[in-house]
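Single-structure report; data block below.
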Amino acid sequence: MVDEWHELIGSKRAVQVELALSALKGMRPKLRVWGISATIGNMEEAMQILMGAEPVRPKPVIIRAQHEKRIEVTSILPDELEVLPWAGHLGIRLLEKVIPIIKSSRSCLIFTNTRSQAEIWYQRILDVAPELAGWLGMHHGSISRELRHWVEDALHSGDLKAVVCTSSLDLGVDFRPVETIIQIGSPKGVARFIQRAGRSGHQPGATSRIYFVPTHSLELVEAAALRSAIDSHIIEERVPYIRSFDVLIQWLVTLAVGEGFYPEVVLKQVRSTVSFSSMTDEEWLWILNFITTGGEPLGGYDEFHRVAIDADGRYFVEKRKVAMRHRLSMGTIVSEAMLQVRLLGGGFLGSIEEWFIARLKPGDVFWFAGKNLELVEVKAMTVRVRKSNSKAGIVPSWQGGRMPLSAQLGEQLRIKLGEAYIGRTDTPSVHPELVMIQPLIELQAERSVVPSERELLIEYFESEEGHHLYVYPFEGRLVHEGMAALIAYRISLFAPLTFSIAMNDYGFELLCDQPIPIQEALDSDIFTVQDLREDIQASVNETEMARRKFRDISHIAGLVFGGYPGKPMKEKHMQSNAQLFFNVFSEDEPNNILLHQAYDEVYTFQLEEARMYAAMDRIEKREIRLIHIEKPTPLAFPIMVDRLREKLTSERLEDRVKRMIEW
């Protein structure tokens, strides 16, 4: 039985499962496999990946529950609406409305999207409602396992009333249903929202209820979009990892560390998976050569001769050191270098990323695991801390915390934004969020236009900073990152211009110190899908992106060793080693399979090339509205603030935002 298959399928962990199942089916050809999933759009594909590439008898079937899950979404609405929204601050201003919900509930989960956000909300709740001390817990992936298990048990037994958490409590934790779910900010995906809502009313026929707390005004539109997506049974598809050769290399070494393997037997098993069904004989021989000799560039180094071959053709690991290092490195979840956080008395609190601690000096106070901690020293890979009475503290942040808007939620968002403008239909919306947001929508219409679902809005204006171009595809941050670079490149073909780029989930900004020939560019169809791959290659630094991807690939494939318990390798050493391999392969072995995999992952998962192609194809068929504006609009303002957030140092962001609002 493979539980929560929807969570695995969009990661390399699914490739591990495929390979493991192929080996089990080799031992037991009639093995019966069950997959369990609640929230996935591409159910047929998910079933096929789990069953394998070869026909299965009897033919696999999908069993669906007949009853429909009811989910009630209630938004916490602000008393006053900000007509120039910016991300992050509105949620905390709604805290006074959240506290009564927590107090009136027997049990409550407060979901945040990031660990930093969880730390902030935990502290702020106790600041406003200190009587909840002892009744409020926190749960996220960087807190020690012992503390997380204590929180789960305390919630189960009723010793805790509420828990501020991240996706660490989305799934895989077994406790009785809670009464109330609160979602802080948009979850950026329908499936994630349904998963979290399902923690309440977690029985057949029961209604799940979830409160939605927007972190800025435009997220009220996302709340309406989520409700419509749920009513229409729209759930995201998960993009599977295909041909992840780093995982296959790790798997083969794992088999060799055990009883060993015979290539002709394992090749049949591996090709029975969907992930490696297209693997050629040449690729298979390259992989076998890689695990035995390290390949052509590394053949002269004994440490890369990991697997030996005995007289009858069995591949096995004969060196104890190789086996030990492999056992310590197995897995596909590669994170930043983590330091242990320990109290001076010895209590273990959890782990924190090395890059964050490197910014601090002894005496600085930061929030972690719900405590104000003073940094005492960093020694070996351990952060020694003591509790602090200071009310001020730095909030830790973790790399990759922001989740991009899904394609399905983006589509619903475009529809709901078009519906929100009463001036277009003269019919009030059935969604209370869209009624609440009318002042913002009216200001957008006054300064520009409110785009309908069949329009692409582009805004252009000049300020003391330069010439601003805003484009609103509503396709998510990752797609906008690639699309912004692509459009900037295509515009630069008309004039030698240099752009600064900023983006959020709704759109992106191109900022230039010279006029931007946007009308000329539009007349030449800059949103065409023709020559898309070539123009993407010309517009982004794909080599640098691939270099970053290769860090994780080299770790999974066993090229880079993370260190022994208590003596982990420093992050900068691991990065430099991975970069060295990348450079060597690029120069001496350009056909290296792992090198090609790094570039493929850049286009598939970082730039989301397929989704960008679909977005550009959709835009080509839509009406493009180019509006010259005099002041920032409600849609443009949050992108401007995000750009400032990266630059401001001596001036407080809030002060600069206030001055911008007065424009």
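In the structure tokens, each chain is lettered A, B, ... as it comes, each chain's residues begin at 1, and ligands are numbered from 1 in order of appearance.
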### Task
Go through region 215-428 of chain A and collect every residue that DSSP, computed from the backbone, puts in strand (DSSP E or B); the answer should be as number ranges by chain.
A: 261, 308-309, 315-316, 338-343, 348-353, 365-368, 371-379, 382-387, 394
### Task
as an MDAnalysis selection string, list the residues of region 226-368 of chain A assigned to alpha helix (DSSP H) by DSSP on the backbone atoms of this structure.
chainID A and resid 226:231 245:257 263:271 281:293 320:329 354:357
### Task
Please indicate the distance in Å from CA of Arg625 (chain A) to CA of Arg477 (chain A), rounded to one decimal place.
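Taking CA of Arg625 (chain A) as the start and CA of Arg477 (chain A) as the end point, the length is 21.5 Å.
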#### Entry: Contact residues around region 36-43 of chain A with only C-alpha atoms at 8 Å, ignoring same-chain residues under 2 positions, as a PyMOL selection string
chain A and resi 1-6+34+45-47+191+194-195+234-238
### Close residues, Leu497 (chain A) itself excluded, 10 Å, only C-alpha atoms, min 5 positions apart in chain, as number ranges by chain
A: 488-489, 491-492, 512-517
### Query
Got a sec: who's within 9 Å of region 153-165 of chain A, counting only C-alpha atoms, leaving out chain neighbours fewer than 2 positions off, as a ChimeraX atom specification?
/A:102-103,105-115,118-119,121-122,132,134-140,148-151,167-170,174-178
### Query
Of the residues A:Thr254, A:Gln530, A:Ser388, A:Asn289, which is the one nearest to Met324 (chain A), using only C-alpha atoms?
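Looking only at the distances to Met324 (chain A), the closest residue turns out to be A:Thr254.
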### Query
So what do you get for CA of Val641 (chain A) versus CA of Arg414 (chain A), distance-wise?
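According to the coordinates, CA of Val641 (chain A) and CA of Arg414 (chain A) are separated by 21.9 Å.
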### Task
Please provide the set of residues having any atom within 12 Å of Pro565 (chain A), restricted to only C-alpha atoms, with same-chain residues fewer than 6 positions apart removed, written as a ChimeraX atom specification.
/A:324-325,327-329,340,380-381
Restricted to all heavy atoms, what would the selected residues look like written as a tab-separated table (two decimals), in the first residue's frame?
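Result file is selection20.tsv:
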chain	number	residue	atom	x	y	z
A	324	MET	N	29.41	2.35	4.04
A	324	MET	CA	29.01	3.23	5.15
A	324	MET	C	28.61	4.61	4.63
A	324	MET	O	27.57	5.16	5.03
A	324	MET	CB	30.17	3.37	6.15
A	324	MET	CG	29.84	4.26	7.34
A	324	MET	SD	31.26	4.52	8.42
A	324	MET	CE	31.60	2.84	8.92
A	325	ARG	N	29.43	5.18	3.73
A	325	ARG	CA	29.11	6.51	3.20
A	325	ARG	C	27.80	6.49	2.43
A	325	ARG	O	27.02	7.44	2.50
A	325	ARG	CB	30.26	7.00	2.32
A	325	ARG	CG	31.49	7.39	3.11
A	325	ARG	CD	32.64	7.79	2.22
A	325	ARG	NE	32.33	8.91	1.33
A	325	ARG	CZ	33.21	9.80	0.93
A	325	ARG	NH1	34.48	9.71	1.33
A	325	ARG	NH2	32.87	10.77	0.12
A	327	ARG	N	25.18	4.45	2.94
A	327	ARG	CA	24.06	4.33	3.87
A	327	ARG	C	23.75	5.68	4.53
A	327	ARG	O	22.59	5.98	4.83
A	327	ARG	CB	24.37	3.28	4.94
A	327	ARG	CG	24.37	1.85	4.43
A	327	ARG	CD	24.44	0.86	5.58
A	327	ARG	NE	24.42	-0.52	5.10
A	327	ARG	CZ	25.49	-1.29	5.01
A	327	ARG	NH1	26.68	-0.82	5.35
A	327	ARG	NH2	25.38	-2.53	4.57
A	328	LEU	N	24.77	6.47	4.78
A	328	LEU	CA	24.58	7.78	5.41
A	328	LEU	C	24.03	8.82	4.44
A	328	LEU	O	23.57	9.88	4.87
A	328	LEU	CB	25.91	8.28	6.00
A	328	LEU	CG	26.45	7.50	7.20
A	328	LEU	CD1	27.85	7.96	7.54
A	328	LEU	CD2	25.52	7.65	8.40
A	329	SER	N	24.08	8.53	3.14
A	329	SER	CA	23.70	9.54	2.14
A	329	SER	C	22.43	9.20	1.39
A	329	SER	O	21.99	9.97	0.54
A	329	SER	CB	24.84	9.70	1.12
A	329	SER	OG	26.03	10.08	1.74
A	340	GLN	N	22.39	22.20	14.24
A	340	GLN	CA	21.54	21.85	15.38
A	340	GLN	C	21.46	23.04	16.34
A	340	GLN	O	22.47	23.68	16.64
A	340	GLN	CB	22.13	20.64	16.12
A	340	GLN	CG	22.01	19.34	15.36
A	340	GLN	CD	22.35	18.15	16.24
A	340	GLN	OE1	22.88	18.30	17.34
A	340	GLN	NE2	22.04	16.96	15.75
A	380	ALA	N	31.38	23.65	15.81
A	380	ALA	CA	31.21	22.42	15.04
A	380	ALA	C	29.93	22.57	14.18
A	380	ALA	O	29.59	22.81	13.67
A	380	ALA	CB	31.16	21.18	15.93
A	381	MET	N	28.94	22.11	14.16
A	381	MET	CA	27.72	22.38	13.43
A	381	MET	C	26.56	22.53	14.42
A	381	MET	O	25.43	22.15	14.13
A	381	MET	CB	27.44	21.28	12.40
A	381	MET	CG	28.50	21.18	11.31
A	381	MET	SD	28.54	22.59	10.21
A	381	MET	CE	27.15	22.26	9.13
### Message
If I take CA of Met330 (chain A) and CA of Phe605 (chain A), how far is one from the other in Å, to one decimal?
### Response
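Pair CA of Met330 (chain A) / CA of Phe605 (chain A) returns 22.6 Å.
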